[in-house]
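Below you'll find the structure, written out as structure tokens, and then a few comments.
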Amino acid sequence: MKAVAIQAFGRPEGLALIDLPAPTPAEGQVLIANEAIGVGGVDVVIRRGVLATYGFKEGHIPGSEVAGIVTAVGDGVDTSWVGQRVWAFTGVRGGYVEQAIASVEEILPLPANLSPVDAVTLGSSGIVAHFALAHARFAPGESLLVRGAAGSIGIMTVQLAARAGAGAVAVTTSSAERGDRLRKLGATHVLDRSGEGAEDSPEGYDVIIDIVAGADMPSFFAKLNPNGRMVAVGMVGGRPPADFGMTMMAAFKKSMSFATFSADTVAEADRRAVRTEQFAAASRGELPMVVHEVLPLEEAVLAHQKMDAGEVFGRIVLTP
């Protein structure tokens, strides 16, 4: 089968199309004929080599979520799964393939009118957005800033916060056109990447959800209200400065807090329950899916070039 592997960390051109033997599901696993593969920010960070210290090596096959049809099951798995359309989480590896392996505990049937492309646009990003807001103890009426709102996680955070009754939903983005699109999804204030640019925006925010991190992250502590909470859910802009916490210490009397969030810390049953609700809402048209582009698997390099260039609004999806 065809697959895409990271042959050299760094630029997108380090990705290469390779041939692999078709996999066989082990006990507790299913084999999925992929129809859609989500391209996520974590794939980009891994490909750049930023997470090499976590054990990622060249030859790694990226991709964490896929959707398609179950074609085989391993021992201990109900054979009724065969032939079903499912979304699946593959971890942090193994998604950029024609046939993917997933644990039966990490698959979910798709509603009849939810496409595979929409499923991988929502599957992971919706969970991160939902539980990141919960991690920040976000409450109705509070003000929120989403830093890096044009990606799939940011877009879902905007929508969920607006649906939850946020007092204000500000976003940072790179253009007025993107800002207009985010307003249609629930944003109330559009800021530039530095967090400036809207005269009517709140002076401070109760919660900041940060998908970017990077060198500028510490400057956003100044935008938190007293008792404000910042939660970092990604670092597509790179690692923050090693001493970023000193900015918080300098504003000690504001009682601010900072946290990271990974969906890995959420119980599988809770993820499944929320994802089921979100899939149902999307199938009813209550949660619009934003797909930037659908590309064939062999154009994974182009997909990552677009991600690096900051061109993507929503999700890029690969199809075998």
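Naming works like this for the structure tokens: A, B, ... for the chains as they're shown, residue 1 at the start of each chain, ligands 1 onward in shown order.
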
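For segment 226-234 of chain A, the non-local neighbours within 7 Å, defined as residues at least 2 positions apart in the same chain or in other chains and counting only C-alpha atoms, are Ala136, Tyr205, Asp206, Val207, Ile208, Ile209, Asp210, Ile211, Val212, Ala213, Leu224, Val236, Lys254, Ser255, Met256, Ser257, Phe258, Ala259, Thr260, Phe261 and Ser262 of chain A.
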
Val77 of chain A surroundings by only C-alpha atoms, 12 Å radius, close-in-sequence under 5 positions cut, as a ChimeraX atom specification
/A:25-31,70,72,82,102-105,107

Residues of segment 44-255 of chain A in alpha helix (DSSP H), written as JSON, numbers by chain:
{"A": [44, 45, 46, 47, 48, 116, 117, 118, 119, 120, 121, 122, 125, 126, 127, 128, 129, 130, 131, 132, 133, 134, 135, 152, 153, 154, 155, 156, 157, 158, 159, 160, 161, 162, 163, 176, 177, 178, 179, 180, 181, 182, 183, 184, 245, 246, 247, 248, 249, 250]}

Compile the contact shell of segment 278-284 of chain A as a CSV table (one decimal) with all heavy atoms, in the first residue's frame: residues with an atom at most 8 Å away, counting only C-alpha atoms, same-chain residues fewer than 5 positions apart removed.
chain,number,residue,atom,x,y,z
A,110,LEU,N,-19.9,6.6,11.9
A,110,LEU,CA,-20.2,7.9,11.3
A,110,LEU,C,-21.7,8.0,11.1
A,110,LEU,O,-22.3,7.0,10.6
A,110,LEU,CB,-19.5,8.2,10.0
A,110,LEU,CG,-18.0,8.2,10.0
A,110,LEU,CD1,-17.5,8.7,8.6
A,110,LEU,CD2,-17.5,9.2,11.0
A,111,PRO,N,-22.4,9.1,11.5
A,111,PRO,CA,-23.8,9.3,11.1
A,111,PRO,C,-23.9,9.2,9.6
A,111,PRO,O,-23.0,9.5,8.8
A,111,PRO,CB,-24.1,10.7,11.6
A,111,PRO,CG,-23.1,11.0,12.6
A,111,PRO,CD,-21.9,10.2,12.2
A,113,ASN,N,-25.2,10.9,7.2
A,113,ASN,CA,-25.0,12.1,6.4
A,113,ASN,C,-23.8,12.9,6.8
A,113,ASN,O,-23.7,14.1,6.5
A,113,ASN,CB,-26.2,12.9,6.4
A,113,ASN,CG,-26.7,13.3,7.7
A,113,ASN,OD1,-26.3,12.7,8.7
A,113,ASN,ND2,-27.6,14.4,7.8
A,114,LEU,N,-22.8,12.3,7.5
A,114,LEU,CA,-21.6,13.0,7.8
A,114,LEU,C,-20.5,12.3,6.9
A,114,LEU,O,-20.2,11.1,7.0
A,114,LEU,CB,-21.2,12.8,9.3
A,114,LEU,CG,-20.0,13.6,9.7
A,114,LEU,CD1,-20.2,15.1,9.7
A,114,LEU,CD2,-19.5,13.1,11.1
A,119,ALA,N,-15.7,14.3,8.9
A,119,ALA,CA,-15.4,13.6,10.2
A,119,ALA,C,-14.0,13.9,10.6
A,119,ALA,O,-13.8,14.1,11.8
A,119,ALA,CB,-15.6,12.1,10.0
A,122,LEU,N,-13.6,17.4,12.1
A,122,LEU,CA,-14.1,17.7,13.4
A,122,LEU,C,-13.6,16.7,14.5
A,122,LEU,O,-13.4,17.2,15.6
A,122,LEU,CB,-15.7,17.5,13.3
A,122,LEU,CG,-16.4,17.5,14.6
A,122,LEU,CD1,-16.3,18.8,15.3
A,122,LEU,CD2,-17.9,17.2,14.3
A,123,GLY,N,-13.2,15.5,14.1
A,123,GLY,CA,-13.0,14.5,15.1
A,123,GLY,C,-12.1,14.8,16.2
A,123,GLY,O,-12.4,14.6,17.4
A,126,GLY,N,-12.6,19.1,17.5
A,126,GLY,CA,-13.8,19.4,18.3
A,126,GLY,C,-13.6,19.0,19.8
A,126,GLY,O,-14.0,19.7,20.7
A,289,MET,N,-18.6,22.7,9.2
A,289,MET,CA,-17.2,22.2,9.0
A,289,MET,C,-16.5,23.1,7.9
A,289,MET,O,-17.1,23.5,6.9
A,289,MET,CB,-17.2,20.8,8.5
A,289,MET,CG,-17.8,19.8,9.5
A,289,MET,SD,-16.8,19.7,11.0
A,289,MET,CE,-17.8,20.7,12.1

Spatial neighbours of Gly41 of chain A, max dist 12 Å, only C-alpha atoms, sep filter under 5 positions, as a ChimeraX atom specification
/A:46-48,62-64,92,124-125,148,150-154,211-212,233-238,303-304,306-308,310,312,314-316

Rounded to one decimal in Å, what is the spacing between atom CA of Ala164 of chain A and atom CA of Ala139 of chain A?
7.9 Å

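You can rank A:Val190, A:Leu297, A:Ala170, A:Ala52 by their closest distance to Val317 of chain A using only C-alpha atoms, and at the top of that list sits A:Leu297.
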
I need the strand (DSSP E or B) residues of segment 105-246 of chain A per DSSP on the backbone, written as number ranges by chain.
A: 107-109, 143-147, 151, 168-172, 189-191, 205-210, 224-232

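A straight line drawn from atom CA of Pro296 of chain A to atom CA of Phe56 of chain A is 24.8 Å long.
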
Which is closest to Arg183 of chain A among A:Ile32, A:Val158, A:Val4, A:Val50, if we use only C-alpha atoms?
A:Val158
